[in-house]
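Engineer: Have a look at this one.
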Amino acid sequence: MILIHNGLVITRDPARPLIEGGAVLVEGNRIVWVGKGPEPEPFPAGLSGVPERIDAGGGLVMPGFINAHTHCYSTFARGMAAKPAAGFEEVLRNLWWRLDKGLSPEDLYYSAVPPMIDSIRSGVTSIIDHHASPFAVSGSLRAIAAAAALLGLRCNLCYEVSDRDGEEIALQGIRENRDFARECGGRHDDMAGSLFGLHAQMTLSDRTLDRCLVEAGDTGFHVHAAEGTGDVNDALAKYGMRAVERLYRRGILGPKTLAVHCVHVNREEIAMLRESGALVIHNPQSNMANAVGTCPAPELMGRGVLVGLGSDGYTADMTESYKTAAILHKHHAGNPSAAWAEPPKMFFENNRIIMNRLMEGETGILREGAYADIIVVDYKPPTPLHAGNLDAQLLFGLSGRLTDTALINGRVVMRRRELPGIDEEALLAKSREHARALWNRI
Ligand SMILES: [Zn+2]
């Protein structure tokens, strides 16, 4: 039993969004009480004993953040030399496909550990990852899941099936998704879930998509969609239809499918996204860095599409994505009044809905029965903070690095900035060793 007390509790529960001088009681992996005061009086029925106390020191007590799209393997690109790219397709060829083809089975665990540590240090308690390592496919998701288990991070994983390296590797990717889904299905603890990964329609034949549809069953897909104009032009040239339209007509879109980016979508495709119930993930920093264009996220949301927020591996700190989303759409629209409501909705509300749609239990909210995924943030507002200005306070005042303590599934994974039982320096030294060897051989 753990009692987090002496905090300004931000619940994300519309019934009572803020509790000043509040506390949260955790038993096992669940929240059993949220309320005002140093502790519940009396304690909930069936609970006895003295809880371990965590003093929030007057800071914020919040649900842990969710990163709805990332690539842990992208860690090894940090500081790597790559030829300049004339466009997004060259970014893929010069950097990402060079990197992922070089990954060995032994690299995967050590590529996943640093961004997962960084995530926890930034207050992120759940990530949805999209993995590629075409010459180390089999067992790759298990290696990433092992890194998540070491650190106690909640994750949803998939392997990106693609025809870009030939049929045999595409078939290996299909098997990896299937095998990992079976493994997760047998665990029922929601700490490691799965989606069925696809790269993007531009590297997937109809034949491969059909195979994926058969193997995926009820599992949703996690696919890059219309990230650059190249994906759209490819679909038009090969299939006489646009990229998102092709995914829709092939039956890939659905209420559990993550359609990542959706930068280049027309009105008809937005209607297809809405009708299918697909979940769009917006990655503002990545889109800006790759110069692919601006996802019309406010328009998508205005037309009934659920849009969440990811980092695409650009950062582990989701408050950076939040801040970027908040300014990108003002800049793009040339309107300082644009996009005030949408970024917090994507980050806090929609990411919660997305993660919970992929699990049996609930995260992203502080209320009785939800998983105990909780962060304590060292933020003391310089101006009055209330329910009406909460998201603006967090937009301008928050940094993931202000996270002091984090619980995931009831386990303290960071206490006063220390990760208990984790030798970070030794793990990072191993990561640098693997990255150096990879850079030397590619
Ligand atoms: Zn991505």
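Starting from 1 in every chain, residues are counted up; chains themselves are A, B, ... following the order of the structure tokens, and ligands are numbered from 1 as listed.
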Which protein, DNA or RNA residues have an atom within 7 Å of ligand 1, counting only C-alpha atoms and all ligand atoms, as a list in words?
Structural biologist: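 Written in the requested form, the residues are His69, Thr70, His71, His130, His224, Val260 and Asp312 of chain A.
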Engineer: Can you list every residue in region 139-322 of chain A that DSSP puts in strand (DSSP E or B), as number ranges by chain?
Structural biologist: A: 154-157, 159, 161, 192-194, 196-200, 221-225, 258-261, 279-282, 306-309
Engineer: Could the residues in this selection be saved with N, CA and C atoms as a JSON list (two decimals), in the first residue's frame?
Structural biologist:
[["chain", "number", "residue", "atom", "x", "y", "z"],
["A", 154, "ARG", "N", 5.06, 0.68, -18.94],
["A", 154, "ARG", "CA", 3.93, 0.06, -19.64],
["A", 154, "ARG", "C", 4.12, 0.28, -21.14],
["A", 155, "CYS", "N", 3.93, -0.75, -21.94],
["A", 155, "CYS", "CA", 4.21, -0.59, -23.36],
["A", 155, "CYS", "C", 3.23, -1.36, -24.24],
["A", 156, "ASN", "N", 3.09, -0.88, -25.44],
["A", 156, "ASN", "CA", 2.38, -1.60, -26.50],
["A", 156, "ASN", "C", 3.35, -1.65, -27.68],
["A", 157, "LEU", "N", 3.63, -2.87, -28.19],
["A", 157, "LEU", "CA", 4.68, -3.03, -29.18],
["A", 157, "LEU", "C", 4.16, -3.65, -30.48],
["A", 159, "TYR", "N", 5.82, -4.95, -34.66],
["A", 159, "TYR", "CA", 6.92, -5.00, -35.63],
["A", 159, "TYR", "C", 6.41, -4.49, -36.98],
["A", 161, "VAL", "N", 5.81, -4.57, -40.55],
["A", 161, "VAL", "CA", 5.90, -5.41, -41.74],
["A", 161, "VAL", "C", 6.09, -4.51, -42.96],
["A", 192, "ALA", "N", 2.42, -5.23, -21.17],
["A", 192, "ALA", "CA", 3.00, -5.34, -22.51],
["A", 192, "ALA", "C", 1.90, -5.79, -23.46],
["A", 193, "GLY", "N", 1.35, -4.87, -24.21],
["A", 193, "GLY", "CA", 0.31, -5.19, -25.17],
["A", 193, "GLY", "C", 0.88, -5.16, -26.59],
["A", 194, "SER", "N", 0.02, -5.43, -27.56],
["A", 194, "SER", "CA", 0.52, -5.50, -28.93],
["A", 194, "SER", "C", -0.47, -4.89, -29.92],
["A", 196, "PHE", "N", -0.59, -4.79, -34.53],
["A", 196, "PHE", "CA", 0.01, -5.44, -35.68],
["A", 196, "PHE", "C", 0.68, -4.33, -36.50],
["A", 197, "GLY", "N", 2.01, -4.36, -36.59],
["A", 197, "GLY", "CA", 2.74, -3.25, -37.20],
["A", 197, "GLY", "C", 2.84, -3.36, -38.71],
["A", 198, "LEU", "N", 2.68, -2.23, -39.36],
["A", 198, "LEU", "CA", 2.88, -2.12, -40.82],
["A", 198, "LEU", "C", 3.74, -0.89, -41.04],
["A", 199, "HIS", "N", 4.66, -0.93, -41.99],
["A", 199, "HIS", "CA", 5.46, 0.28, -42.22],
["A", 199, "HIS", "C", 4.58, 1.40, -42.75],
["A", 200, "ALA", "N", 4.27, 1.37, -44.02],
["A", 200, "ALA", "CA", 3.41, 2.37, -44.66],
["A", 200, "ALA", "C", 2.92, 1.73, -45.94],
["A", 221, "PHE", "N", -4.09, -2.32, -36.23],
["A", 221, "PHE", "CA", -2.82, -2.08, -36.91],
["A", 221, "PHE", "C", -2.18, -0.78, -36.39],
["A", 222, "HIS", "N", -0.88, -0.70, -36.57],
["A", 222, "HIS", "CA", -0.14, 0.52, -36.22],
["A", 222, "HIS", "C", 0.69, 0.84, -37.47],
["A", 223, "VAL", "N", 0.27, 1.86, -38.21],
["A", 223, "VAL", "CA", 0.83, 2.08, -39.55],
["A", 223, "VAL", "C", 1.07, 3.57, -39.81],
["A", 224, "HIS", "N", 2.20, 3.88, -40.46],
["A", 224, "HIS", "CA", 2.43, 5.25, -40.93],
["A", 224, "HIS", "C", 1.53, 5.51, -42.13],
["A", 225, "ALA", "N", 0.86, 6.66, -42.15],
["A", 225, "ALA", "CA", -0.11, 6.93, -43.21],
["A", 225, "ALA", "C", 0.05, 8.35, -43.73],
["A", 258, "LEU", "N", -4.01, 2.51, -35.34],
["A", 258, "LEU", "CA", -3.33, 3.80, -35.23],
["A", 258, "LEU", "C", -2.82, 4.19, -36.61],
["A", 259, "ALA", "N", -3.39, 5.23, -37.18],
["A", 259, "ALA", "CA", -2.94, 5.78, -38.46],
["A", 259, "ALA", "C", -2.04, 6.97, -38.13],
["A", 260, "VAL", "N", -0.74, 6.77, -38.26],
["A", 260, "VAL", "CA", 0.23, 7.74, -37.75],
["A", 260, "VAL", "C", 0.55, 8.80, -38.81],
["A", 261, "HIS", "N", 0.49, 10.04, -38.44],
["A", 261, "HIS", "CA", 0.80, 11.24, -39.23],
["A", 261, "HIS", "C", -0.42, 11.80, -39.96],
["A", 279, "LEU", "N", -7.68, 5.77, -35.19],
["A", 279, "LEU", "CA", -7.06, 6.72, -34.28],
["A", 279, "LEU", "C", -5.86, 7.34, -34.99],
["A", 280, "VAL", "N", -5.87, 8.65, -35.15],
["A", 280, "VAL", "CA", -4.77, 9.33, -35.83],
["A", 280, "VAL", "C", -3.77, 9.82, -34.78],
["A", 281, "ILE", "N", -2.49, 9.62, -35.05],
["A", 281, "ILE", "CA", -1.46, 10.10, -34.11],
["A", 281, "ILE", "C", -0.65, 11.20, -34.78],
["A", 282, "HIS", "N", -0.64, 12.34, -34.12],
["A", 282, "HIS", "CA", 0.04, 13.54, -34.61],
["A", 282, "HIS", "C", 1.42, 13.63, -33.94],
["A", 306, "LEU", "N", -10.59, 11.07, -33.89],
["A", 306, "LEU", "CA", -9.87, 11.12, -32.63],
["A", 306, "LEU", "C", -8.37, 11.20, -32.91],
["A", 307, "VAL", "N", -7.72, 12.27, -32.49],
["A", 307, "VAL", "CA", -6.29, 12.48, -32.75],
["A", 307, "VAL", "C", -5.53, 12.49, -31.43],
["A", 308, "GLY", "N", -4.51, 11.65, -31.35],
["A", 308, "GLY", "CA", -3.63, 11.62, -30.18],
["A", 308, "GLY", "C", -2.27, 12.20, -30.53],
["A", 309, "LEU", "N", -1.37, 12.18, -29.56],
["A", 309, "LEU", "CA", -0.08, 12.83, -29.72],
["A", 309, "LEU", "C", 1.06, 11.85, -29.46]]
Engineer: For Arg303 (chain A), list every protein, DNA or RNA residue within 12 Å, evaluated using only C-alpha atoms, and leave out those in the same chain fewer than 5 positions away; present the list as a VMD selection string.
Structural biologist: chain A and resid 267 to 275 277 296 to 298
Engineer: What does the structure give for the distance between CA of Thr257 (chain A) and CA of Cys295 (chain A), in Å to one decimal?
Structural biologist: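 Between these atoms lies a distance of 17.7 Å.
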Engineer: Can you measure CA of Val24 (chain A) to CA of Val124 (chain A) for me? One decimal in Å is fine.
Structural biologist: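 The value is 18.5 Å.
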Engineer: Figure out the distance between CA of Thr208 (chain A) and CA of Lys101 (chain A), please, to one decimal in Å.
Structural biologist: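 For CA of Lys101 (chain A) relative to CA of Thr208 (chain A), the distance reads 19.9 Å.
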Engineer: Need the shell around His434 (chain A): protein/DNA/RNA residues with any atom at most 9 Å away, counting only C-alpha atoms. Skip same-chain ones fewer than 2 positions apart. Format as an MDAnalysis selection string?
Structural biologist: chainID A and resid 76 106:107 110:111 429:432 436:439
Engineer: Hey, can you spit out that residue selection with C-alpha atoms as an mmCIF file, in the first residue's frame?
Structural biologist:
data_model
loop_
_atom_site.group_PDB
_atom_site.id
_atom_site.type_symbol
_atom_site.label_atom_id
_atom_site.label_comp_id
_atom_site.auth_asym_id
_atom_site.auth_seq_id
_atom_site.Cartn_x
_atom_site.Cartn_y
_atom_site.Cartn_z
ATOM 1 C CA PHE A 76 21.067 4.807 -32.037
ATOM 2 C CA GLU A 106 21.875 -8.104 -29.338
ATOM 3 C CA ASP A 107 21.461 -4.360 -30.068
ATOM 4 C CA TYR A 110 20.282 -1.717 -25.405
ATOM 5 C CA SER A 111 18.627 0.543 -27.967
ATOM 6 C CA ALA A 429 27.722 2.398 -21.263
ATOM 7 C CA LYS A 430 26.472 -0.823 -22.896
ATOM 8 C CA SER A 431 24.195 1.218 -25.185
ATOM 9 C CA ARG A 432 27.123 3.400 -26.291
ATOM 10 C CA ARG A 436 29.549 2.527 -31.699
ATOM 11 C CA ALA A 437 29.794 -1.006 -33.152
ATOM 12 C CA LEU A 438 26.648 -0.408 -35.235
ATOM 13 C CA TRP A 439 27.923 2.904 -36.626
#
Engineer: Near Pro284 (chain A), counting only C-alpha atoms, which residues have an atom at most 8 Å away, once you skip same-chain residues fewer than 3 positions from it, shown as a count of residues only?
Structural biologist: 9
Engineer: Would you mind telling me which residue in A:Arg16, A:Met191, A:Arg175, A:Gly293 lies nearest to Ala226 (chain A) when using only C-alpha atoms?
Structural biologist: A:Gly293
Engineer: When you count only C-alpha atoms, which of these residues is closest to Trp33 (chain A): A:Met1, A:Ala68, A:Thr203, A:His329?
Structural biologist: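 When distances to Trp33 (chain A) are compared using only C-alpha atoms, the smallest one comes from A:Met1.
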Engineer: Determine the nearest neighbour of Ala181 (chain A) from the options A:Ile54, A:Leu209, A:Ala145, A:Leu99, counting only C-alpha atoms.
Structural biologist: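 Checking each of A:Ile54, A:Leu209, A:Ala145, A:Leu99 against Ala181 (chain A), counting only C-alpha atoms, the winner is A:Ala145.
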Engineer: Neighbours of Val413 (chain A) within 10 Å (only C-alpha atoms; same-chain residues fewer than 2 positions away dropped), as a list in words?
Structural biologist: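 That gives Ile117, Ile120, Arg121, Thr125, Leu150, Leu151, Gly152, Leu153, Thr405, Ala406, Leu407, Ile408, Asn409, Gly410, Arg411, Arg415, Arg417, Glu418, Leu419, Pro420, Gly421 and Ile422 of chain A.
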Engineer: Using DSSP secondary structure from the backbone, list all alpha helix (DSSP H) positions within region 39-279 of chain A, as a short mmCIF file (atom, residue, chain, number, x, y, z; two decimals) with N, CA and C atoms, in the first residue's frame.
Structural biologist:
data_model
loop_
_atom_site.label_atom_id
_atom_site.label_comp_id
_atom_site.auth_asym_id
_atom_site.auth_seq_id
_atom_site.Cartn_x
_atom_site.Cartn_y
_atom_site.Cartn_z
N PHE A 88 11.89 13.68 -47.77
CA PHE A 88 11.62 12.68 -46.74
C PHE A 88 12.03 11.27 -47.15
N GLU A 89 11.82 10.92 -48.42
CA GLU A 89 12.19 9.56 -48.87
C GLU A 89 13.70 9.35 -48.73
N GLU A 90 14.47 10.41 -48.94
CA GLU A 90 15.92 10.28 -48.74
C GLU A 90 16.29 10.22 -47.26
N VAL A 91 15.49 10.84 -46.40
CA VAL A 91 15.71 10.69 -44.95
C VAL A 91 15.57 9.22 -44.58
N TRP A 97 16.55 3.60 -42.79
CA TRP A 97 16.65 2.24 -43.32
C TRP A 97 18.09 1.72 -43.25
N ARG A 98 19.02 2.65 -43.26
CA ARG A 98 20.42 2.25 -43.06
C ARG A 98 20.60 1.76 -41.62
N LEU A 99 20.03 2.52 -40.71
CA LEU A 99 20.16 2.19 -39.28
C LEU A 99 19.43 0.88 -38.95
N ASP A 100 18.17 0.76 -39.36
CA ASP A 100 17.42 -0.41 -38.88
C ASP A 100 17.94 -1.71 -39.49
N LYS A 101 18.49 -1.64 -40.73
CA LYS A 101 19.06 -2.86 -41.33
C LYS A 101 20.33 -3.30 -40.62
N GLY A 102 20.99 -2.36 -39.95
CA GLY A 102 22.24 -2.70 -39.25
C GLY A 102 22.03 -3.28 -37.86
N PRO A 105 20.37 -8.67 -33.25
CA PRO A 105 19.47 -9.06 -32.15
C PRO A 105 19.97 -8.54 -30.80
N GLU A 106 21.30 -8.53 -30.63
CA GLU A 106 21.87 -8.10 -29.34
C GLU A 106 21.73 -6.59 -29.11
N ASP A 107 21.58 -5.82 -30.20
CA ASP A 107 21.46 -4.36 -30.07
C ASP A 107 20.12 -3.93 -29.48
N LEU A 108 19.09 -4.74 -29.71
CA LEU A 108 17.73 -4.24 -29.52
C LEU A 108 17.44 -3.84 -28.07
N TYR A 109 17.83 -4.70 -27.15
CA TYR A 109 17.59 -4.40 -25.73
C TYR A 109 18.28 -3.09 -25.35
N TYR A 110 19.52 -2.91 -25.80
CA TYR A 110 20.28 -1.72 -25.40
C TYR A 110 19.89 -0.47 -26.19
N SER A 111 19.17 -0.64 -27.29
CA SER A 111 18.63 0.54 -27.97
C SER A 111 17.34 0.99 -27.28
N ALA A 112 16.65 0.04 -26.63
CA ALA A 112 15.36 0.37 -26.01
C ALA A 112 15.52 0.94 -24.60
N VAL A 113 16.56 0.52 -23.89
CA VAL A 113 16.70 0.96 -22.50
C VAL A 113 16.82 2.49 -22.36
N PRO A 114 17.70 3.17 -23.13
CA PRO A 114 17.85 4.63 -22.87
C PRO A 114 16.58 5.45 -23.10
N PRO A 115 15.84 5.24 -24.21
CA PRO A 115 14.62 6.05 -24.34
C PRO A 115 13.56 5.69 -23.31
N MET A 116 13.62 4.46 -22.81
CA MET A 116 12.65 4.10 -21.77
C MET A 116 13.01 4.77 -20.44
N ILE A 117 14.31 4.83 -20.14
CA ILE A 117 14.74 5.57 -18.94
C ILE A 117 14.34 7.04 -19.09
N ASP A 118 14.61 7.58 -20.27
CA ASP A 118 14.29 8.98 -20.56
C ASP A 118 12.79 9.23 -20.44
N SER A 119 12.00 8.27 -20.89
CA SER A 119 10.54 8.40 -20.79
C SER A 119 10.13 8.51 -19.33
N ILE A 120 10.59 7.58 -18.51
CA ILE A 120 10.22 7.61 -17.08
C ILE A 120 10.70 8.91 -16.45
N ARG A 121 11.91 9.32 -16.77
CA ARG A 121 12.45 10.56 -16.21
C ARG A 121 11.64 11.78 -16.66
N SER A 140 12.51 -9.87 -31.69
CA SER A 140 12.83 -8.45 -31.45
C SER A 140 11.87 -7.82 -30.45
N LEU A 141 10.59 -8.14 -30.55
CA LEU A 141 9.61 -7.52 -29.64
C LEU A 141 9.81 -8.04 -28.22
N ARG A 142 10.21 -9.29 -28.11
CA ARG A 142 10.48 -9.82 -26.77
C ARG A 142 11.67 -9.08 -26.13
N ALA A 143 12.68 -8.73 -26.93
CA ALA A 143 13.84 -8.00 -26.40
C ALA A 143 13.43 -6.61 -25.92
N ILE A 144 12.55 -5.94 -26.67
CA ILE A 144 12.09 -4.61 -26.26
C ILE A 144 11.21 -4.72 -25.01
N ALA A 145 10.37 -5.76 -25.00
CA ALA A 145 9.51 -5.97 -23.82
C ALA A 145 10.35 -6.25 -22.59
N ALA A 146 11.50 -6.91 -22.77
CA ALA A 146 12.37 -7.21 -21.62
C ALA A 146 12.95 -5.92 -21.04
N ALA A 147 13.30 -4.98 -21.92
CA ALA A 147 13.80 -3.68 -21.44
C ALA A 147 12.70 -2.94 -20.68
N ALA A 148 11.47 -2.99 -21.21
CA ALA A 148 10.34 -2.33 -20.53
C ALA A 148 10.07 -2.97 -19.17
N ALA A 149 10.19 -4.30 -19.13
CA ALA A 149 9.94 -5.01 -17.87
C ALA A 149 11.00 -4.66 -16.83
N LEU A 150 12.25 -4.53 -17.27
CA LEU A 150 13.33 -4.17 -16.34
C LEU A 150 13.01 -2.84 -15.65
N LEU A 151 12.55 -1.87 -16.46
CA LEU A 151 12.33 -0.52 -15.95
C LEU A 151 10.93 -0.33 -15.38
N GLU A 167 10.28 -10.71 -49.69
CA GLU A 167 9.14 -11.45 -49.15
C GLU A 167 9.47 -12.18 -47.85
N GLU A 168 10.65 -12.79 -47.78
CA GLU A 168 10.99 -13.59 -46.60
C GLU A 168 10.99 -12.72 -45.33
N ILE A 169 11.55 -11.51 -45.45
CA ILE A 169 11.60 -10.64 -44.27
C ILE A 169 10.20 -10.12 -43.92
N ALA A 170 9.38 -9.89 -44.95
CA ALA A 170 7.98 -9.50 -44.69
C ALA A 170 7.27 -10.61 -43.91
N LEU A 171 7.50 -11.86 -44.31
CA LEU A 171 6.86 -12.99 -43.62
C LEU A 171 7.37 -13.12 -42.18
N GLN A 172 8.65 -12.85 -41.99
CA GLN A 172 9.19 -12.87 -40.62
C GLN A 172 8.51 -11.81 -39.75
N GLY A 173 8.28 -10.64 -40.35
CA GLY A 173 7.60 -9.56 -39.61
C GLY A 173 6.19 -9.97 -39.22
N ILE A 174 5.50 -10.61 -40.14
CA ILE A 174 4.13 -11.07 -39.85
C ILE A 174 4.17 -12.07 -38.69
N ARG A 175 5.11 -13.00 -38.74
CA ARG A 175 5.21 -14.00 -37.66
C ARG A 175 5.57 -13.36 -36.33
N GLU A 176 6.44 -12.34 -36.37
CA GLU A 176 6.85 -11.68 -35.12
C GLU A 176 5.65 -10.99 -34.45
N ASN A 177 4.83 -10.30 -35.26
CA ASN A 177 3.61 -9.69 -34.70
C ASN A 177 2.69 -10.76 -34.12
N ARG A 178 2.50 -11.81 -34.87
CA ARG A 178 1.58 -12.87 -34.43
C ARG A 178 2.08 -13.51 -33.14
N ASP A 179 3.37 -13.87 -33.11
CA ASP A 179 3.91 -14.56 -31.94
C ASP A 179 3.87 -13.68 -30.69
N PHE A 180 4.21 -12.39 -30.88
CA PHE A 180 4.22 -11.51 -29.71
C PHE A 180 2.80 -11.27 -29.20
N ALA A 181 1.84 -11.16 -30.13
CA ALA A 181 0.44 -10.97 -29.72
C ALA A 181 -0.03 -12.17 -28.91
N ARG A 182 0.37 -13.36 -29.33
CA ARG A 182 -0.02 -14.56 -28.58
C ARG A 182 0.60 -14.55 -27.19
N GLU A 183 1.85 -14.13 -27.13
CA GLU A 183 2.54 -14.08 -25.84
C GLU A 183 1.85 -13.08 -24.90
N CYS A 184 1.50 -11.91 -25.44
CA CYS A 184 0.82 -10.89 -24.62
C CYS A 184 -0.55 -11.37 -24.21
N GLY A 185 -1.23 -12.01 -25.13
CA GLY A 185 -2.60 -12.47 -24.85
C GLY A 185 -2.64 -13.42 -23.68
N ASP A 206 -0.49 -5.55 -52.09
CA ASP A 206 -1.82 -6.06 -51.73
C ASP A 206 -1.70 -7.46 -51.12
N ARG A 207 -0.80 -8.26 -51.71
CA ARG A 207 -0.64 -9.64 -51.23
C ARG A 207 -0.17 -9.66 -49.77
N THR A 208 0.78 -8.79 -49.43
CA THR A 208 1.27 -8.75 -48.04
C THR A 208 0.19 -8.21 -47.11
N LEU A 209 -0.52 -7.18 -47.56
CA LEU A 209 -1.60 -6.64 -46.71
C LEU A 209 -2.66 -7.71 -46.44
N ASP A 210 -2.97 -8.51 -47.46
CA ASP A 210 -3.96 -9.58 -47.26
C ASP A 210 -3.47 -10.58 -46.21
N ARG A 211 -2.19 -10.92 -46.31
CA ARG A 211 -1.63 -11.85 -45.31
C ARG A 211 -1.73 -11.25 -43.90
N CYS A 212 -1.42 -9.95 -43.79
CA CYS A 212 -1.48 -9.29 -42.48
C CYS A 212 -2.91 -9.29 -41.94
N LEU A 213 -3.87 -9.04 -42.81
CA LEU A 213 -5.27 -9.01 -42.37
C LEU A 213 -5.68 -10.36 -41.80
N VAL A 214 -5.23 -11.43 -42.43
CA VAL A 214 -5.57 -12.78 -41.96
C VAL A 214 -4.94 -13.01 -40.59
N GLU A 215 -3.66 -12.66 -40.46
CA GLU A 215 -2.94 -12.96 -39.21
C GLU A 215 -3.34 -12.03 -38.07
N ALA A 216 -3.72 -10.80 -38.39
CA ALA A 216 -3.99 -9.82 -37.32
C ALA A 216 -5.25 -10.17 -36.54
N THR A 229 4.36 13.39 -49.17
CA THR A 229 3.62 13.31 -50.44
C THR A 229 4.02 12.07 -51.23
N GLY A 230 5.22 11.52 -50.95
CA GLY A 230 5.67 10.32 -51.65
C GLY A 230 4.73 9.15 -51.43
N ASP A 231 4.19 9.02 -50.23
CA ASP A 231 3.26 7.93 -49.92
C ASP A 231 1.98 8.07 -50.75
N VAL A 232 1.52 9.32 -50.87
CA VAL A 232 0.28 9.58 -51.64
C VAL A 232 0.53 9.33 -53.13
N ASN A 233 1.66 9.86 -53.64
CA ASN A 233 1.96 9.69 -55.07
C ASN A 233 2.16 8.22 -55.43
N ASP A 234 2.77 7.46 -54.52
CA ASP A 234 2.97 6.03 -54.72
C ASP A 234 1.62 5.32 -54.87
N ALA A 235 0.70 5.64 -53.97
CA ALA A 235 -0.61 4.98 -54.01
C ALA A 235 -1.38 5.37 -55.28
N LEU A 236 -1.27 6.65 -55.65
CA LEU A 236 -1.96 7.09 -56.88
C LEU A 236 -1.40 6.38 -58.11
N ALA A 237 -0.06 6.26 -58.16
CA ALA A 237 0.57 5.64 -59.34
C ALA A 237 0.29 4.14 -59.41
N LYS A 238 0.37 3.47 -58.28
CA LYS A 238 0.23 2.01 -58.31
C LYS A 238 -1.21 1.52 -58.23
N TYR A 239 -2.05 2.25 -57.50
CA TYR A 239 -3.40 1.72 -57.21
C TYR A 239 -4.51 2.67 -57.63
N ALA A 243 -3.23 7.46 -50.35
CA ALA A 243 -2.65 6.53 -49.36
C ALA A 243 -3.64 6.11 -48.28
N VAL A 244 -4.28 7.09 -47.64
CA VAL A 244 -5.23 6.73 -46.59
C VAL A 244 -6.44 6.03 -47.19
N GLU A 245 -6.80 6.45 -48.39
CA GLU A 245 -7.91 5.80 -49.08
C GLU A 245 -7.61 4.31 -49.30
N ARG A 246 -6.37 4.01 -49.68
CA ARG A 246 -6.00 2.60 -49.91
C ARG A 246 -6.09 1.80 -48.60
N LEU A 247 -5.58 2.38 -47.51
CA LEU A 247 -5.66 1.68 -46.23
C LEU A 247 -7.12 1.42 -45.84
N TYR A 248 -7.96 2.41 -46.12
CA TYR A 248 -9.39 2.27 -45.80
C TYR A 248 -10.01 1.16 -46.66
N ARG A 249 -9.74 1.21 -47.96
CA ARG A 249 -10.40 0.24 -48.85
C ARG A 249 -9.88 -1.18 -48.64
N ARG A 267 -10.58 15.71 -47.98
CA ARG A 267 -11.86 15.67 -47.25
C ARG A 267 -12.45 14.27 -47.25
N GLU A 268 -12.34 13.59 -48.39
CA GLU A 268 -12.90 12.24 -48.47
C GLU A 268 -12.17 11.29 -47.51
N GLU A 269 -10.86 11.45 -47.45
CA GLU A 269 -10.08 10.56 -46.55
C GLU A 269 -10.36 10.87 -45.08
N ILE A 270 -10.59 12.13 -44.76
CA ILE A 270 -10.95 12.47 -43.38
C ILE A 270 -12.28 11.78 -43.03
N ALA A 271 -13.21 11.78 -43.98
CA ALA A 271 -14.48 11.10 -43.74
C ALA A 271 -14.25 9.59 -43.55
N MET A 272 -13.30 9.03 -44.30
CA MET A 272 -12.99 7.59 -44.15
C MET A 272 -12.39 7.30 -42.77
N LEU A 273 -11.50 8.19 -42.32
CA LEU A 273 -10.91 8.01 -40.99
C LEU A 273 -12.00 8.05 -39.92
N ARG A 274 -12.90 9.02 -40.06
CA ARG A 274 -13.98 9.13 -39.07
C ARG A 274 -14.88 7.91 -39.10
N GLU A 275 -15.28 7.52 -40.29
CA GLU A 275 -16.22 6.40 -40.41
C GLU A 275 -15.64 5.09 -39.87
N SER A 276 -14.33 4.90 -40.10
CA SER A 276 -13.70 3.66 -39.64
C SER A 276 -13.43 3.67 -38.14
#
Engineer: Taking only C-alpha atoms into account, which of A:Ala15, A:Ala81, A:Ile252, A:Val34 comes nearest Leu3 (chain A)?
Structural biologist: A:Val34
Engineer: Of the candidates A:Ala426, A:Met241, A:Ile327, A:Ala370, which shows the shortest atom-to-atom distance to Asn29 (chain A), using only C-alpha atoms?
Structural biologist: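 Result for the nearest residue to Asn29 (chain A): A:Ala370.
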